[in-house]
Structures are given as structure tokens and as C-alpha cells.
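Colleague: For reference, this is start20.pdb, and it has PDB, C-alpha atoms and all ligand atoms.
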```
ATOM      1  CA  MET A 262    -126.574   4.510 -14.647  1.00  0.00           C
ATOM      2  CA  GLY A 263    -128.034   2.611 -11.685  1.00  0.00           C
ATOM      3  CA  PHE A 264    -128.141  -1.146 -11.370  1.00  0.00           C
ATOM      4  CA  GLU A 265    -129.732  -2.874 -14.363  1.00  0.00           C
ATOM      5  CA  ARG A 266    -130.707  -6.514 -14.651  1.00  0.00           C
ATOM      6  CA  VAL A 267    -128.383  -8.360 -17.033  1.00  0.00           C
ATOM      7  CA  ALA A 268    -128.965 -12.079 -16.450  1.00  0.00           C
ATOM      8  CA  ASN A 269    -130.415 -14.852 -14.373  1.00  0.00           C
ATOM      9  CA  VAL A 270    -127.965 -16.577 -12.045  1.00  0.00           C
ATOM     10  CA  SER A 271    -128.661 -19.934 -13.710  1.00  0.00           C
ATOM     11  CA  GLU A 272    -127.654 -18.596 -17.146  1.00  0.00           C
ATOM     12  CA  ILE A 273    -123.968 -18.726 -16.239  1.00  0.00           C
ATOM     13  CA  ALA A 274    -122.312 -21.915 -15.073  1.00  0.00           C
ATOM     14  CA  GLU A 275    -119.304 -21.876 -12.777  1.00  0.00           C
ATOM     15  CA  GLY A 276    -116.284 -20.651 -14.775  1.00  0.00           C
ATOM     16  CA  GLY A 277    -118.541 -19.327 -17.543  1.00  0.00           C
ATOM     17  CA  ARG A 278    -119.110 -15.865 -18.922  1.00  0.00           C
ATOM     18  CA  LEU A 279    -121.853 -13.891 -20.640  1.00  0.00           C
ATOM     19  CA  SER A 280    -121.460 -10.912 -22.960  1.00  0.00           C
ATOM     20  CA  ILE A 281    -123.411  -7.941 -21.646  1.00  0.00           C
ATOM     21  CA  GLU A 282    -123.478  -4.180 -22.105  1.00  0.00           C
ATOM     22  CA  VAL A 283    -122.900  -1.729 -19.308  1.00  0.00           C
ATOM     23  CA  ASP A 284    -123.889   1.794 -20.192  1.00  0.00           C
ATOM     24  CA  ASP A 285    -123.394   0.917 -23.891  1.00  0.00           C
ATOM     25  CA  LEU A 286    -119.919  -0.495 -23.231  1.00  0.00           C
ATOM     26  CA  PRO A 287    -119.199  -4.137 -24.090  1.00  0.00           C
ATOM     27  CA  ALA A 288    -118.617  -6.097 -20.900  1.00  0.00           C
ATOM     28  CA  LEU A 289    -118.352  -9.644 -19.636  1.00  0.00           C
ATOM     29  CA  LEU A 290    -120.229 -11.071 -16.681  1.00  0.00           C
ATOM     30  CA  ILE A 291    -118.041 -13.829 -15.281  1.00  0.00           C
ATOM     31  CA  ARG A 292    -118.798 -16.391 -12.602  1.00  0.00           C
ATOM     32  CA  LEU A 293    -115.879 -17.625 -10.544  1.00  0.00           C
ATOM     33  CA  GLU A 294    -116.163 -19.824  -7.474  1.00  0.00           C
ATOM     34  CA  GLY A 295    -119.745 -18.769  -6.917  1.00  0.00           C
ATOM     35  CA  HIS A 296    -119.042 -15.033  -7.261  1.00  0.00           C
ATOM     36  CA  PHE A 297    -120.043 -12.777 -10.131  1.00  0.00           C
ATOM     37  CA  TYR A 298    -117.762 -10.158 -11.648  1.00  0.00           C
ATOM     38  CA  ALA A 299    -118.348  -7.713 -14.497  1.00  0.00           C
ATOM     39  CA  VAL A 300    -115.390  -6.404 -16.484  1.00  0.00           C
ATOM     40  CA  GLU A 301    -114.859  -4.310 -19.572  1.00  0.00           C
ATOM     41  CA  ASP A 302    -114.637  -6.503 -22.676  1.00  0.00           C
ATOM     42  CA  LEU A 303    -111.763  -4.681 -24.352  1.00  0.00           C
ATOM     43  CA  CYS A 304    -108.057  -5.310 -23.946  1.00  0.00           C
ATOM     44  CA  THR A 305    -106.217  -2.101 -23.067  1.00  0.00           C
ATOM     45  CA  HIS A 306    -103.237  -3.155 -25.143  1.00  0.00           C
ATOM     46  CA  ASP A 307    -104.771  -2.881 -28.590  1.00  0.00           C
ATOM     47  CA  GLY A 308    -108.530  -3.042 -28.285  1.00  0.00           C
ATOM     48  CA  GLN A 309    -109.048  -6.787 -28.731  1.00  0.00           C
ATOM     49  CA  PRO A 310    -112.328  -8.055 -27.218  1.00  0.00           C
ATOM     50  CA  LEU A 311    -111.655 -10.442 -24.337  1.00  0.00           C
ATOM     51  CA  THR A 312    -114.870 -12.363 -25.103  1.00  0.00           C
ATOM     52  CA  ASP A 313    -113.082 -15.548 -26.171  1.00  0.00           C
ATOM     53  CA  GLY A 314    -110.065 -15.179 -23.907  1.00  0.00           C
ATOM     54  CA  PRO A 315    -109.311 -18.149 -21.654  1.00  0.00           C
ATOM     55  CA  ILE A 316    -109.955 -17.729 -17.941  1.00  0.00           C
ATOM     56  CA  ILE A 317    -106.930 -18.894 -15.979  1.00  0.00           C
ATOM     57  CA  GLY A 318    -107.430 -18.902 -12.227  1.00  0.00           C
ATOM     58  CA  ASP A 319    -108.741 -15.436 -11.415  1.00  0.00           C
ATOM     59  CA  GLU A 320    -107.404 -13.882 -14.621  1.00  0.00           C
ATOM     60  CA  ILE A 321    -108.686 -13.499 -18.168  1.00  0.00           C
ATOM     61  CA  LYS A 322    -106.171 -13.653 -20.981  1.00  0.00           C
ATOM     62  CA  CYS A 323    -106.386 -11.587 -24.142  1.00  0.00           C
ATOM     63  CA  PRO A 324    -106.593 -14.008 -27.078  1.00  0.00           C
ATOM     64  CA  ARG A 325    -104.492 -11.733 -29.292  1.00  0.00           C
ATOM     65  CA  HIS A 326    -101.144 -11.105 -27.608  1.00  0.00           C
ATOM     66  CA  GLY A 327    -101.608 -12.759 -24.245  1.00  0.00           C
ATOM     67  CA  ALA A 328    -102.018  -9.864 -21.786  1.00  0.00           C
ATOM     68  CA  ARG A 329    -103.772 -11.035 -18.607  1.00  0.00           C
ATOM     69  CA  PHE A 330    -106.138  -9.070 -16.393  1.00  0.00           C
ATOM     70  CA  GLN A 331    -107.234  -9.909 -12.855  1.00  0.00           C
ATOM     71  CA  ILE A 332    -110.989 -10.418 -13.054  1.00  0.00           C
ATOM     72  CA  SER A 333    -111.776  -9.112  -9.566  1.00  0.00           C
ATOM     73  CA  THR A 334    -109.778  -5.862  -9.876  1.00  0.00           C
ATOM     74  CA  GLY A 335    -109.248  -5.386 -13.627  1.00  0.00           C
ATOM     75  CA  LYS A 336    -105.526  -4.978 -12.970  1.00  0.00           C
ATOM     76  CA  ALA A 337    -103.125  -5.700 -15.870  1.00  0.00           C
ATOM     77  CA  MET A 338    -101.038  -8.680 -14.754  1.00  0.00           C
ATOM     78  CA  CYS A 339     -98.527  -8.963 -17.585  1.00  0.00           C
ATOM     79  CA  MET A 340     -97.228  -7.318 -20.707  1.00  0.00           C
ATOM     80  CA  PRO A 341     -98.043  -6.198 -23.275  1.00  0.00           C
ATOM     81  CA  ALA A 342    -100.910  -4.489 -21.391  1.00  0.00           C
ATOM     82  CA  THR A 343     -99.750  -1.761 -19.060  1.00  0.00           C
ATOM     83  CA  SER A 344    -103.103  -0.509 -17.822  1.00  0.00           C
ATOM     84  CA  GLY A 345    -106.069  -2.350 -16.400  1.00  0.00           C
ATOM     85  CA  ILE A 346    -109.606  -2.878 -17.649  1.00  0.00           C
ATOM     86  CA  ARG A 347    -112.655  -1.388 -15.951  1.00  0.00           C
ATOM     87  CA  THR A 348    -114.648  -3.410 -13.450  1.00  0.00           C
ATOM     88  CA  PHE A 349    -118.322  -2.861 -12.682  1.00  0.00           C
ATOM     89  CA  ALA A 350    -120.365  -3.332  -9.515  1.00  0.00           C
ATOM     90  CA  VAL A 351    -122.528  -6.473  -9.478  1.00  0.00           C
ATOM     91  CA  GLU A 352    -125.444  -7.364  -7.233  1.00  0.00           C
ATOM     92  CA  VAL A 353    -127.303 -10.647  -7.044  1.00  0.00           C
ATOM     93  CA  ARG A 354    -130.934 -10.203  -6.020  1.00  0.00           C
ATOM     94  CA  GLY A 355    -132.600 -13.561  -5.639  1.00  0.00           C
ATOM     95  CA  GLU A 356    -132.197 -15.299  -8.978  1.00  0.00           C
ATOM     96  CA  GLU A 357    -131.250 -12.181 -10.909  1.00  0.00           C
ATOM     97  CA  VAL A 358    -127.933 -10.456 -11.535  1.00  0.00           C
ATOM     98  CA  PHE A 359    -127.713  -6.666 -11.745  1.00  0.00           C
ATOM     99  CA  VAL A 360    -124.761  -4.575 -12.903  1.00  0.00           C
ATOM    100  CA  SER A 361    -124.068  -0.869 -12.640  1.00  0.00           C
ATOM    101  CA  ASP A 362    -121.339   1.261 -14.215  1.00  0.00           C
ATOM    102  CA  ALA A 363    -119.872   2.071 -10.793  1.00  0.00           C
ATOM    103  CA  ALA A 364    -116.505   0.427 -10.106  1.00  0.00           C
ATOM    104  CA  ALA A 365    -116.664  -2.961  -8.405  1.00  0.00           C
ATOM    105  CA  THR A 366    -115.844  -3.108  -4.719  1.00  0.00           C
ATOM    106  CA  THR A 367    -116.849  -6.534  -3.459  1.00  0.00           C
ATOM    107  CA  PRO A 368    -117.926  -9.470  -5.644  1.00  0.00           C
ATOM    108  CA  ALA A 369    -121.572 -10.541  -5.641  1.00  0.00           C
ATOM    109  CA  LYS A 370    -122.184 -14.058  -4.440  1.00  0.00           C
ATOM    110  CA  ALA A 371    -124.760 -16.370  -5.981  1.00  0.00           C
ATOM    111  CA  PRO A 372    -127.360 -17.875  -3.640  1.00  0.00           C
ATOM    112  CA  VAL A 373    -126.519 -21.455  -2.656  1.00  0.00           C
ATOM    113  CA  GLU A 374    -129.540 -23.015  -4.398  1.00  0.00           C
ATOM    114  CA  ALA A 375    -128.659 -21.162  -7.603  1.00  0.00           C
ATOM    115  CA  ILE A 376    -125.082 -22.418  -7.443  1.00  0.00           C
ATOM    116  CA  VAL A 377    -126.358 -25.987  -7.279  1.00  0.00           C
ATOM    117  CA  ALA A 378    -128.692 -25.410 -10.215  1.00  0.00           C
ATOM    118  CA  ALA A 379    -126.098 -23.705 -12.397  1.00  0.00           C
ATOM    119  CA  THR A 380    -123.303 -26.173 -11.809  1.00  0.00           C
ATOM    120  CA  ALA A 381    -125.531 -28.816 -13.386  1.00  0.00           C
ATOM    121  CA  VAL A 382    -125.029 -26.941 -16.682  1.00  0.00           C
ATOM    122  CA  PRO A 383    -121.768 -27.946 -18.383  1.00  0.00           C
ATOM    123  CA  ALA A 384    -119.229 -25.107 -18.271  1.00  0.00           C
ATOM    124  CA  THR A 385    -118.189 -24.191 -21.799  1.00  0.00           C
ATOM    125  CA  THR A 386    -114.717 -23.173 -20.685  1.00  0.00           C
ATOM    126  CA  ALA A 387    -113.935 -26.256 -18.570  1.00  0.00           C
ATOM    127  CA  ALA A 388    -110.590 -27.828 -19.418  1.00  0.00           C
ATOM    128  CA  VAL A 389    -110.468 -31.539 -20.221  1.00  0.00           C
ATOM    129  CA  ASN A 390    -107.741 -34.164 -20.452  1.00  0.00           C
ATOM    130  CA  ALA A 391    -106.935 -35.830 -23.750  1.00  0.00           C
ATOM    131  CA  ASP A 392    -109.111 -38.754 -22.665  1.00  0.00           C
ATOM    132  CA  GLY A 393    -112.042 -36.407 -22.042  1.00  0.00           C
ATOM    133  CA  SER A 394    -111.947 -36.470 -18.241  1.00  0.00           C
ATOM    134  CA  ALA A 395    -112.204 -33.119 -16.492  1.00  0.00           C
ATOM    135  CA  LEU A 396    -109.093 -31.411 -15.178  1.00  0.00           C
ATOM    136  CA  SER A 397    -109.149 -29.614 -11.881  1.00  0.00           C
ATOM    137  CA  PRO A 398    -109.656 -25.954 -12.884  1.00  0.00           C
ATOM    138  CA  THR A 399    -107.445 -24.786 -10.056  1.00  0.00           C
ATOM    139  CA  GLN A 400    -104.601 -27.124 -10.995  1.00  0.00           C
ATOM    140  CA  THR A 401    -104.847 -26.181 -14.662  1.00  0.00           C
ATOM    141  CA  ALA A 402    -104.875 -22.492 -13.883  1.00  0.00           C
ATOM    142  CA  LEU A 403    -101.943 -22.700 -11.502  1.00  0.00           C
ATOM    143  CA  ALA A 404     -99.872 -24.769 -13.915  1.00  0.00           C
ATOM    144  CA  GLU A 405    -100.523 -22.356 -16.808  1.00  0.00           C
ATOM    145  CA  ALA A 406     -99.779 -19.287 -14.721  1.00  0.00           C
ATOM    146  CA  GLU A 407     -96.574 -20.862 -13.374  1.00  0.00           C
ATOM    147  CA  THR A 408     -95.445 -21.793 -16.868  1.00  0.00           C
ATOM    148  CA  GLN A 409     -96.060 -18.274 -18.176  1.00  0.00           C
ATOM    149  CA  ASP A 410     -94.165 -16.811 -15.232  1.00  0.00           C
ATOM    150  CA  GLN A 411     -91.294 -19.183 -15.918  1.00  0.00           C
ATOM    151  CA  TYR A 412     -91.115 -18.076 -19.553  1.00  0.00           C
ATOM    152  CA  LEU A 413     -91.242 -14.389 -18.689  1.00  0.00           C
ATOM    153  CA  THR A 414     -88.604 -14.799 -15.985  1.00  0.00           C
ATOM    154  CA  ALA A 415     -86.330 -16.464 -18.545  1.00  0.00           C
ATOM    155  CA  LEU A 416     -86.981 -13.721 -21.101  1.00  0.00           C
ATOM    156  CA  ARG A 417     -86.115 -11.060 -18.524  1.00  0.00           C
ATOM    157  CA  ASP A 418     -82.511 -12.246 -18.853  1.00  0.00           C
ATOM    158  CA  VAL A 419     -82.448 -10.783 -22.361  1.00  0.00           C
ATOM    159  CA  ILE A 420     -81.362  -7.162 -22.284  1.00  0.00           C
ATOM    160  CA  ASP A 421     -81.836  -4.660 -25.101  1.00  0.00           C
ATOM    161  CA  PRO A 422     -78.200  -3.543 -25.578  1.00  0.00           C
ATOM    162  CA  GLU A 423     -79.149  -0.006 -26.567  1.00  0.00           C
ATOM    163  CA  LEU A 424     -81.553   0.804 -23.746  1.00  0.00           C
ATOM    164  CA  MET A 425     -80.113  -1.677 -21.201  1.00  0.00           C
ATOM    165  CA  ILE A 426     -83.610  -2.763 -20.163  1.00  0.00           C
ATOM    166  CA  ASN A 427     -84.839  -6.336 -20.342  1.00  0.00           C
ATOM    167  CA  ILE A 428     -87.181  -7.136 -23.232  1.00  0.00           C
ATOM    168  CA  VAL A 429     -90.157  -8.031 -21.018  1.00  0.00           C
ATOM    169  CA  ASP A 430     -90.176  -4.752 -19.099  1.00  0.00           C
ATOM    170  CA  LEU A 431     -89.562  -2.903 -22.363  1.00  0.00           C
ATOM    171  CA  GLY A 432     -92.862  -4.327 -23.610  1.00  0.00           C
ATOM    172  CA  LEU A 433     -91.387  -6.175 -26.567  1.00  0.00           C
ATOM    173  CA  ILE A 434     -93.113  -9.481 -25.729  1.00  0.00           C
ATOM    174  CA  TYR A 435     -96.638  -9.685 -27.138  1.00  0.00           C
ATOM    175  CA  GLY A 436     -97.382 -13.282 -26.212  1.00  0.00           C
ATOM    176  CA  VAL A 437     -95.858 -16.617 -25.240  1.00  0.00           C
ATOM    177  CA  THR A 438     -97.733 -19.782 -26.131  1.00  0.00           C
ATOM    178  CA  SER A 439     -96.985 -23.353 -25.036  1.00  0.00           C
ATOM    179  CA  LEU A 440     -97.451 -25.831 -27.852  1.00  0.00           C
ATOM    180  CA  ASP A 441     -97.315 -29.625 -27.840  1.00  0.00           C
ATOM    181  CA  GLY A 442     -94.053 -31.463 -27.338  1.00  0.00           C
ATOM    182  CA  GLY A 443     -92.282 -28.782 -25.303  1.00  0.00           C
ATOM    183  CA  ASN A 444     -92.477 -26.255 -28.128  1.00  0.00           C
ATOM    184  CA  VAL A 445     -92.957 -22.603 -27.278  1.00  0.00           C
ATOM    185  CA  GLU A 446     -93.892 -19.786 -29.607  1.00  0.00           C
ATOM    186  CA  VAL A 447     -93.146 -16.164 -28.793  1.00  0.00           C
ATOM    187  CA  GLU A 448     -94.674 -13.214 -30.571  1.00  0.00           C
ATOM    188  CA  MET A 449     -92.530 -10.169 -30.036  1.00  0.00           C
ATOM    189  CA  THR A 450     -91.556  -6.860 -31.554  1.00  0.00           C
ATOM    190  CA  LEU A 451     -88.538  -4.563 -31.618  1.00  0.00           C
ATOM    191  CA  THR A 452     -88.330  -0.924 -30.632  1.00  0.00           C
ATOM    192  CA  SER A 453     -87.967  -0.117 -34.342  1.00  0.00           C
ATOM    193  CA  PRO A 454     -87.986  -2.164 -37.570  1.00  0.00           C
ATOM    194  CA  ALA A 455     -84.397  -1.068 -38.195  1.00  0.00           C
ATOM    195  CA  CYS A 456     -83.184  -1.972 -34.704  1.00  0.00           C
ATOM    196  CA  PRO A 457     -79.559  -3.073 -35.314  1.00  0.00           C
ATOM    197  CA  ALA A 458     -79.665  -5.313 -32.229  1.00  0.00           C
ATOM    198  CA  GLY A 459     -82.735  -7.188 -33.539  1.00  0.00           C
ATOM    199  CA  PRO A 460     -81.026 -10.430 -34.640  1.00  0.00           C
ATOM    200  CA  GLN A 461     -79.071 -10.580 -31.365  1.00  0.00           C
ATOM    201  CA  ILE A 462     -82.201 -10.017 -29.244  1.00  0.00           C
ATOM    202  CA  VAL A 463     -84.170 -12.656 -31.148  1.00  0.00           C
ATOM    203  CA  HIS A 464     -81.352 -15.192 -30.820  1.00  0.00           C
ATOM    204  CA  GLN A 465     -80.959 -14.516 -27.094  1.00  0.00           C
ATOM    205  CA  ALA A 466     -84.722 -14.797 -26.502  1.00  0.00           C
ATOM    206  CA  ARG A 467     -84.763 -18.195 -28.180  1.00  0.00           C
ATOM    207  CA  MET A 468     -81.747 -19.383 -26.205  1.00  0.00           C
ATOM    208  CA  ALA A 469     -83.193 -18.107 -22.914  1.00  0.00           C
ATOM    209  CA  LEU A 470     -86.312 -20.216 -23.398  1.00  0.00           C
ATOM    210  CA  GLU A 471     -84.515 -23.279 -24.697  1.00  0.00           C
ATOM    211  CA  ARG A 472     -82.356 -23.293 -21.579  1.00  0.00           C
ATOM    212  CA  LEU A 473     -85.501 -24.173 -19.607  1.00  0.00           C
ATOM    213  CA  GLU A 474     -85.831 -27.878 -18.932  1.00  0.00           C
ATOM    214  CA  SER A 475     -89.452 -27.907 -20.011  1.00  0.00           C
ATOM    215  CA  VAL A 476     -88.746 -26.310 -23.404  1.00  0.00           C
ATOM    216  CA  GLU A 477     -87.658 -28.403 -26.350  1.00  0.00           C
ATOM    217  CA  ALA A 478     -87.674 -25.665 -28.989  1.00  0.00           C
ATOM    218  CA  ALA A 479     -88.643 -22.004 -29.052  1.00  0.00           C
ATOM    219  CA  THR A 480     -89.816 -20.156 -32.142  1.00  0.00           C
ATOM    220  CA  ILE A 481     -89.674 -16.390 -32.184  1.00  0.00           C
ATOM    221  CA  LYS A 482     -92.130 -14.611 -34.446  1.00  0.00           C
ATOM    222  CA  LEU A 483     -91.283 -10.973 -35.023  1.00  0.00           C
ATOM    223  CA  THR A 484     -94.105  -8.587 -35.685  1.00  0.00           C
ATOM    224  CA  MET A 485     -94.272  -4.846 -36.147  1.00  0.00           C
ATOM    225  CA  SER A 486     -98.033  -4.764 -35.693  1.00  0.00           C
ATOM    226  CA  PRO A 487     -98.903  -3.141 -33.457  1.00  0.00           C
ATOM    227  CA  PRO A 488     -95.662  -1.164 -33.426  1.00  0.00           C
ATOM    228  CA  TRP A 489     -93.781  -0.701 -30.165  1.00  0.00           C
ATOM    229  CA  THR A 490     -94.295   2.585 -28.353  1.00  0.00           C
ATOM    230  CA  PRO A 491     -92.775   3.768 -25.056  1.00  0.00           C
ATOM    231  CA  ASP A 492     -96.143   3.405 -23.308  1.00  0.00           C
ATOM    232  CA  ARG A 493     -95.689  -0.383 -23.489  1.00  0.00           C
ATOM    233  CA  MET A 494     -92.916  -0.189 -20.895  1.00  0.00           C
ATOM    234  CA  THR A 495     -93.478  -1.112 -17.280  1.00  0.00           C
ATOM    235  CA  ASP A 496     -93.184   1.589 -14.629  1.00  0.00           C
ATOM    236  CA  GLU A 497     -89.837   0.077 -13.587  1.00  0.00           C
ATOM    237  CA  ALA A 498     -88.492   0.444 -17.113  1.00  0.00           C
ATOM    238  CA  ARG A 499     -89.720   4.031 -17.296  1.00  0.00           C
ATOM    239  CA  ASP A 500     -88.009   4.786 -13.997  1.00  0.00           C
ATOM    240  CA  GLN A 501     -84.752   3.367 -15.288  1.00  0.00           C
ATOM    241  CA  LEU A 502     -84.957   5.548 -18.383  1.00  0.00           C
ATOM    242  CA  GLY A 503     -86.051   8.601 -16.404  1.00  0.00           C
ATOM    243  CA  ILE A 504     -89.447   8.813 -18.159  1.00  0.00           C
ATOM    244  CA  PHE A 505     -92.229  10.008 -15.875  1.00  0.00           C
TER
HETATM  245  S1  LIG A 601    -104.646  -6.679 -27.927  1.00  0.00           S
HETATM  246 FE1  LIG A 601    -104.699  -7.704 -26.031  1.00  0.00          FE
HETATM  247  S2  LIG A 601    -102.658  -8.196 -25.611  1.00  0.00           S
HETATM  248 FE2  LIG A 601    -102.583  -7.148 -27.512  1.00  0.00          FE
END
```
Output the file's structure as C-alpha cells, nothing else.

Modeller:
Amino acid sequence: MGFERVANVSEIAEGGRLSIEVDDLPALLIRLEGHFYAVEDLCTHDGQPLTDGPIIGDEIKCPRHGARFQISTGKAMCMPATSGIRTFAVEVRGEEVFVSDAAATTPAKAPVEAIVAATAVPATTAAVNADGSALSPTQTALAEAETQDQYLTALRDVIDPELMINIVDLGLIYGVTSLDGGNVEVEMTLTSPACPAGPQIVHQARMALERLESVEAATIKLTMSPPWTPDRMTDEARDQLGIF
């Protein structure tokens, strides 16, 4: 398909998104720092729509298990997703935004006057402090991304004793969520429901997180849905196991 009009520039405030269709595929048109991006609205991990996923910096996070995708490239940035989402080419012509099903190359920039007009519309995804004052989006995004990285780095210290691969690269971690009061909740799986090392892995994952200064208590929730499969492993893990 060629370029088709999908929205007016002023319909999307800075940091906002709009559900669109690109060649009958569900997609999101996202506005970040004055640029427009169009991405597939389907998590590659297990098909969850990304429609309501939080935007953190230049990434969108799957609301189901926490996979993150870079909005500009579609690249999968963390487990449990191992492959990226599609991106679509966007053009801004005057006040109108057009999208085609060709892959994105460079982001489309909104005209200056349209940026001024649209930023007057409150962004639905803007973060706020407890007292209602606005947080800096950049600071919020950086802090969240750093925290997630810290958790995943800690969890990489936990090694599956049968495969000798850490549980993050194995794809066992489905999501890590910061809760109030330094509490952290992890949703994870095991390579099989009967995994004899399960209790040991769960205990070590909890301890690895609770060793972090910022974590008061970690709760590990085991799930077998969706079940683990080898395609959840990172390329590094596959290399280690000799899977090509
Ligand atoms: S469905 Fe998106 S991370 Fe699982």
C-alpha cells in the first residue's frame, strides 16, 4: 500500500499515541519529541496488544509480561520478547500524518506550529508526582529503565543448574514490576513444570533482588502460561547451548 492519511498532527499530543490500521494490521502512531513513529500493535512474545503499554523514554513496554520495544526501530530490548515489532514509514504533510506499510527509515517531524498547538492538549500518558505536579518525562523514563536494568543484572546472577545459563538469557523472566515501599514482583516461568531445580531457582531469584539496596522485598510469581520454549532464549544463550 502507498501512504494513507491516518491522523491530523494536532490529534496526538507529545508523548501520546493513536490506534491506527496499516494495511489491515493494528498499529500505533506515536509522537515522541516532535517526531512521529508508527509501529505494529502486537507484542512478539505472546500477541498482547501494546495499545495500553507505557512509553518509557524511546521504548514501549508490553503491559502483559514487560517486554520492551524501541519505538524508532521496533527492536526487542528485553526478554521475554526475542524478536522485534514492525515499524512503518510515516510522513507529515502540512497538518496531516500519512503512514505506509514500508519499513520506517527516518522519523517524520511535526511542523513547528503544529507542535505548539498539540502540546496545549494534555498528554494522556504524562507521569505525575503524588502531589499532581508533572514529572520530567526524560527523568522518569531514565529512572525506570535504569531500575529495570538493575533488576535484570541482578537476576543474571541466577544460573539454571541444569543448563548452566542465567535465567534472564534463558527467557524465564516474564516481567519485573516495582511496587510501593521497595517491593518488587517478578513473574517468571521454569523450563518445565517438573523442573527439579525450580525451588532453588525461585529462592535464588528472590535473594538476588533482595540484595539490592533499593529492594525491600521481592515476590516471585511462577507461571506456566505461556509455557517456556527454547525460542525465548537470547542469541547468547543459544550460542552457549550450540543451538543455531
Ligand atoms: S505478551 Fe508481551 S511480553 Fe508477553

Colleague: How would you write, as an NGL selection string, the residues chosen by the PyMOL selection byres (((not hetatm)) within 7 of (chain A and resi 601)) on this structure?

Modeller: :A and (304-309 or 323-328 or 341-342 or 435)

Colleague: Taking all atoms of range 262-269 of chain A that the file lists, what box with edges along x, y and z, padded by 4 Å per side, do you get, with centre and edge lengths in Å to one decimal, as lines of an AutoDock Vina configuration file?

Modeller:
```
center_x = -128.6
center_y = -5.2
center_z = -14.2
size_x = 12.1
size_y = 27.4
size_z = 13.7
```

Colleague: May I have the protein, DNA and RNA residues with any atom at most 12 Å from the point (-120.6, -2.8, -22.2), counting all atoms listed in the file, written as a list in words?

Modeller: Val267, Leu279, Ser280, Ile281, Glu282, Val283, Asp284, Asp285, Leu286, Pro287, Ala288, Leu289, Leu290, Ala299, Val300, Glu301, Asp302, Leu303, Pro310, Leu311, Thr312, Ile346, Arg347, Thr348, Phe349, Val360, Ser361 and Asp362 of chain A

Colleague: Only C-alpha atoms, please: the residues just picked out, written as a compact mmCIF listing (two decimals), in the frame of the given file.

Modeller:
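Generated output (result09.txt):
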```
# COMPACT_ATOMS: atom_id res chain seq x y z
CA VAL A 267 -128.38 -8.36 -17.03
CA LEU A 279 -121.85 -13.89 -20.64
CA SER A 280 -121.46 -10.91 -22.96
CA ILE A 281 -123.41 -7.94 -21.65
CA GLU A 282 -123.48 -4.18 -22.10
CA VAL A 283 -122.90 -1.73 -19.31
CA ASP A 284 -123.89 1.79 -20.19
CA ASP A 285 -123.39 0.92 -23.89
CA LEU A 286 -119.92 -0.50 -23.23
CA PRO A 287 -119.20 -4.14 -24.09
CA ALA A 288 -118.62 -6.10 -20.90
CA LEU A 289 -118.35 -9.64 -19.64
CA LEU A 290 -120.23 -11.07 -16.68
CA ALA A 299 -118.35 -7.71 -14.50
CA VAL A 300 -115.39 -6.40 -16.48
CA GLU A 301 -114.86 -4.31 -19.57
CA ASP A 302 -114.64 -6.50 -22.68
CA LEU A 303 -111.76 -4.68 -24.35
CA PRO A 310 -112.33 -8.06 -27.22
CA LEU A 311 -111.66 -10.44 -24.34
CA THR A 312 -114.87 -12.36 -25.10
CA ILE A 346 -109.61 -2.88 -17.65
CA ARG A 347 -112.66 -1.39 -15.95
CA THR A 348 -114.65 -3.41 -13.45
CA PHE A 349 -118.32 -2.86 -12.68
CA VAL A 360 -124.76 -4.58 -12.90
CA SER A 361 -124.07 -0.87 -12.64
CA ASP A 362 -121.34 1.26 -14.22
```

Colleague: Nearest to Asp410 in chain A: which of A:Lys482, A:His296, A:Arg329, A:Arg499 is it, counting all atoms listed in the file?

Modeller: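 Closest residue, counting all atoms listed in the file: A:Arg329.
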
Colleague: Since I can't run it myself right now, could you work out what the PyMOL selection byres (((chain A and resi 436-446) around 12) and not hetatm) selects here and report it as a PyMOL selection string?

Modeller: chain A and resi 306+322-329+339-342+404-416+429+432-435+447-450+466-484

Colleague: For range 467-478 of chain A, supply N, CA and C atoms and report the output as a PDB file, in the coordinates of the input.

Modeller:
```
ATOM      1  N   ARG A 467     -84.581 -16.760 -27.889  1.00  0.00           N
ATOM      2  CA  ARG A 467     -84.763 -18.195 -28.180  1.00  0.00           C
ATOM      3  C   ARG A 467     -83.902 -19.034 -27.241  1.00  0.00           C
ATOM      4  N   MET A 468     -82.651 -18.626 -27.068  1.00  0.00           N
ATOM      5  CA  MET A 468     -81.747 -19.383 -26.205  1.00  0.00           C
ATOM      6  C   MET A 468     -82.229 -19.368 -24.747  1.00  0.00           C
ATOM      7  N   ALA A 469     -82.742 -18.221 -24.315  1.00  0.00           N
ATOM      8  CA  ALA A 469     -83.193 -18.107 -22.914  1.00  0.00           C
ATOM      9  C   ALA A 469     -84.312 -19.106 -22.640  1.00  0.00           C
ATOM     10  N   LEU A 470     -85.204 -19.268 -23.597  1.00  0.00           N
ATOM     11  CA  LEU A 470     -86.312 -20.216 -23.398  1.00  0.00           C
ATOM     12  C   LEU A 470     -85.835 -21.659 -23.529  1.00  0.00           C
ATOM     13  N   GLU A 471     -84.953 -21.891 -24.475  1.00  0.00           N
ATOM     14  CA  GLU A 471     -84.515 -23.279 -24.697  1.00  0.00           C
ATOM     15  C   GLU A 471     -83.607 -23.776 -23.580  1.00  0.00           C
ATOM     16  N   ARG A 472     -83.132 -22.850 -22.748  1.00  0.00           N
ATOM     17  CA  ARG A 472     -82.356 -23.293 -21.579  1.00  0.00           C
ATOM     18  C   ARG A 472     -83.265 -23.892 -20.505  1.00  0.00           C
ATOM     19  N   LEU A 473     -84.560 -23.608 -20.589  1.00  0.00           N
ATOM     20  CA  LEU A 473     -85.501 -24.173 -19.607  1.00  0.00           C
ATOM     21  C   LEU A 473     -85.674 -25.668 -19.872  1.00  0.00           C
ATOM     22  N   GLU A 474     -85.707 -26.421 -18.790  1.00  0.00           N
ATOM     23  CA  GLU A 474     -85.831 -27.878 -18.932  1.00  0.00           C
ATOM     24  C   GLU A 474     -87.097 -28.282 -19.672  1.00  0.00           C
ATOM     25  N   SER A 475     -88.157 -27.521 -19.437  1.00  0.00           N
ATOM     26  CA  SER A 475     -89.452 -27.907 -20.011  1.00  0.00           C
ATOM     27  C   SER A 475     -89.595 -27.523 -21.482  1.00  0.00           C
ATOM     28  N   VAL A 476     -88.611 -26.794 -22.019  1.00  0.00           N
ATOM     29  CA  VAL A 476     -88.746 -26.310 -23.404  1.00  0.00           C
ATOM     30  C   VAL A 476     -87.825 -27.083 -24.340  1.00  0.00           C
ATOM     31  N   GLU A 477     -88.427 -27.668 -25.352  1.00  0.00           N
ATOM     32  CA  GLU A 477     -87.658 -28.403 -26.350  1.00  0.00           C
ATOM     33  C   GLU A 477     -87.152 -27.435 -27.414  1.00  0.00           C
ATOM     34  N   ALA A 478     -88.055 -26.619 -27.939  1.00  0.00           N
ATOM     35  CA  ALA A 478     -87.674 -25.665 -28.989  1.00  0.00           C
ATOM     36  C   ALA A 478     -88.538 -24.417 -28.880  1.00  0.00           C
TER      37      ALA A 478
END
```
